[in-house]
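K.L.:
Have a look at this one before I ask anything.
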Amino acid sequence: RKEVEQDPGPFNVPEGATVAFNCTYSNSASQSFFWYRQDCRKEPKLLMSVYSSGNEDGRFTAQLNRASQYISLLIRDSKLSDSATYLCVVGPKTSYDKVIFGPGTSLSVIP
Amino acid sequence: DGGITQSPKYLFRKEGQNVTLSCEQNLNHDAMYWYRQDPGQGLRLIYYSQIVNDFQKGDIAEGYSVSREKKESFPLTVTSAQKNPTAFYLCASSIDGRGRTFADTQYFGPGTRLTVL
């Protein structure tokens, strides 16, 4: 089993749709969780951190389920500008371990 | 402006040549990282450094070398021993590499696209 797995995608959705991405991780001792966004041929940028209680930032909502070891990202009212690849990132149980990036899920929002 | 810079943006190399990719940050971050990304694939960790004069191999260190003589700089050398060096190389940094349980946000440079001719 890979350390971090994501929905394979691609997701093609119309403008205004709601789309959800899932990510699972194998290390139950992981402590930190993030969603990054990567535009085509660009560097990844932090979208949001994921907290145990779940968190929301505008149209974006992130949830963490430690018992099932998965993280989700919900995007409401999709915009054309949301088209990108979304990377799930899981942080270490100690600061000496490395952060693991998932393979990413591609989203295309269609007019 | 604070940030991470990588140079060059595009690099072409002949087979058998070593090349060095530059990564500089002025964010005063302790930890720095090098990743490789191939088309349609996720990021794979090459090397990382949590403090000056110290670095560790990542998942795919073979054929690469690094140095961390200064806090601001973490150059990556792609040697002729790297079998498939054509890829997008990303450098990142985070605020604190040690002594913490929680990972810090990583900030990425714009990347260098290396093509072997």
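Naming scheme: A, B, ... for chains in displayed order of the structure tokens; residues 1 onward per chain; ligands 1 onward as shown.
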Can you list, as a PDB file with all heavy atoms, in the first residue's frame, every protein, DNA or RNA residue that comes within 9 Å of Arg66 in chain A when you count only C-alpha atoms, leaving out same-chain residues fewer than 5 positions away?
P.N.:
```pdb
ATOM      1  N   SER A  28      -0.534   5.638  10.718  1.00  0.00           N
ATOM      2  CA  SER A  28      -1.529   6.100  11.687  1.00  0.00           C
ATOM      3  C   SER A  28      -0.962   7.127  12.669  1.00  0.00           C
ATOM      4  O   SER A  28      -1.711   7.815  13.343  1.00  0.00           O
ATOM      5  CB  SER A  28      -2.096   4.905  12.471  1.00  0.00           C
ATOM      6  OG  SER A  28      -1.046   4.237  13.160  1.00  0.00           O
ATOM      7  N   SER A  52      -7.889  18.701  13.003  1.00  0.00           N
ATOM      8  CA  SER A  52      -8.694  17.574  13.481  1.00  0.00           C
ATOM      9  C   SER A  52     -10.180  17.880  13.486  1.00  0.00           C
ATOM     10  O   SER A  52     -11.011  17.012  13.222  1.00  0.00           O
ATOM     11  CB  SER A  52      -8.252  17.177  14.889  1.00  0.00           C
ATOM     12  OG  SER A  52      -6.923  16.720  14.872  1.00  0.00           O
ATOM     13  N   ILE A  71      -8.418  11.955   4.488  1.00  0.00           N
ATOM     14  CA  ILE A  71      -8.603  13.402   4.448  1.00  0.00           C
ATOM     15  C   ILE A  71      -9.449  13.712   3.222  1.00  0.00           C
ATOM     16  O   ILE A  71      -9.330  13.030   2.196  1.00  0.00           O
ATOM     17  CB  ILE A  71      -7.246  14.118   4.281  1.00  0.00           C
ATOM     18  CG1 ILE A  71      -6.229  13.613   5.300  1.00  0.00           C
ATOM     19  CG2 ILE A  71      -7.398  15.631   4.410  1.00  0.00           C
ATOM     20  CD1 ILE A  71      -4.831  13.653   4.774  1.00  0.00           C
TER      21      ILE A  71
END
```
K.L.:
Find the spatial neighbours of range 89-95 of chain B, counting only C-alpha atoms, within a cut-off of 8 Å - ignore same-chain residues fewer than 6 positions away - and output them as a ChimeraX atom specification.
P.N.:
/A:43 /B:4,6,23,25,27-37,104-114
K.L.:
Using only C-alpha atoms for the distances, tell me which of A:Ser78, A:Thr24, A:Thr18, A:Ser106 is nearest to chain B.
P.N.:
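Ranking A:Ser78, A:Thr24, A:Thr18, A:Ser106 by distance to chain B, first place goes to A:Ser106.
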K.L.:
Kindly determine which residues of chain A lie within 9 Å of chain B, considering only C-alpha atoms, and give the answer as a PyMOL selection string.
P.N.:
chain A and resi 30-34+41-46+49+87+90-96+98-104
K.L.:
Report, in Å with one decimal, the straight-line distance from CA of Asp54 in chain B to CA of Val19 in chain B.
P.N.:
21.4 Å
K.L.:
May I have the residues within 12 Å of Ser81 in chain A as a list in words, using only C-alpha atoms and disregarding those fewer than 5 positions away in the same chain?
P.N.:
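Counting only C-alpha atoms, the residues come to Glu15, Gly16, Arg37, Gln38, Asp39, Cys40, Ile75, Leu107, Ser108, Val109, Ile110 and Pro111 of chain A.
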K.L.:
Could you pull out the strand (DSSP E) residues of chain A from DSSP and send them as a ChimeraX atom specification?
P.N.:
/A:4-6,11-14,19-25,33-38,44-49,55-57,60-65,70-75,84-90,100-101,105-110
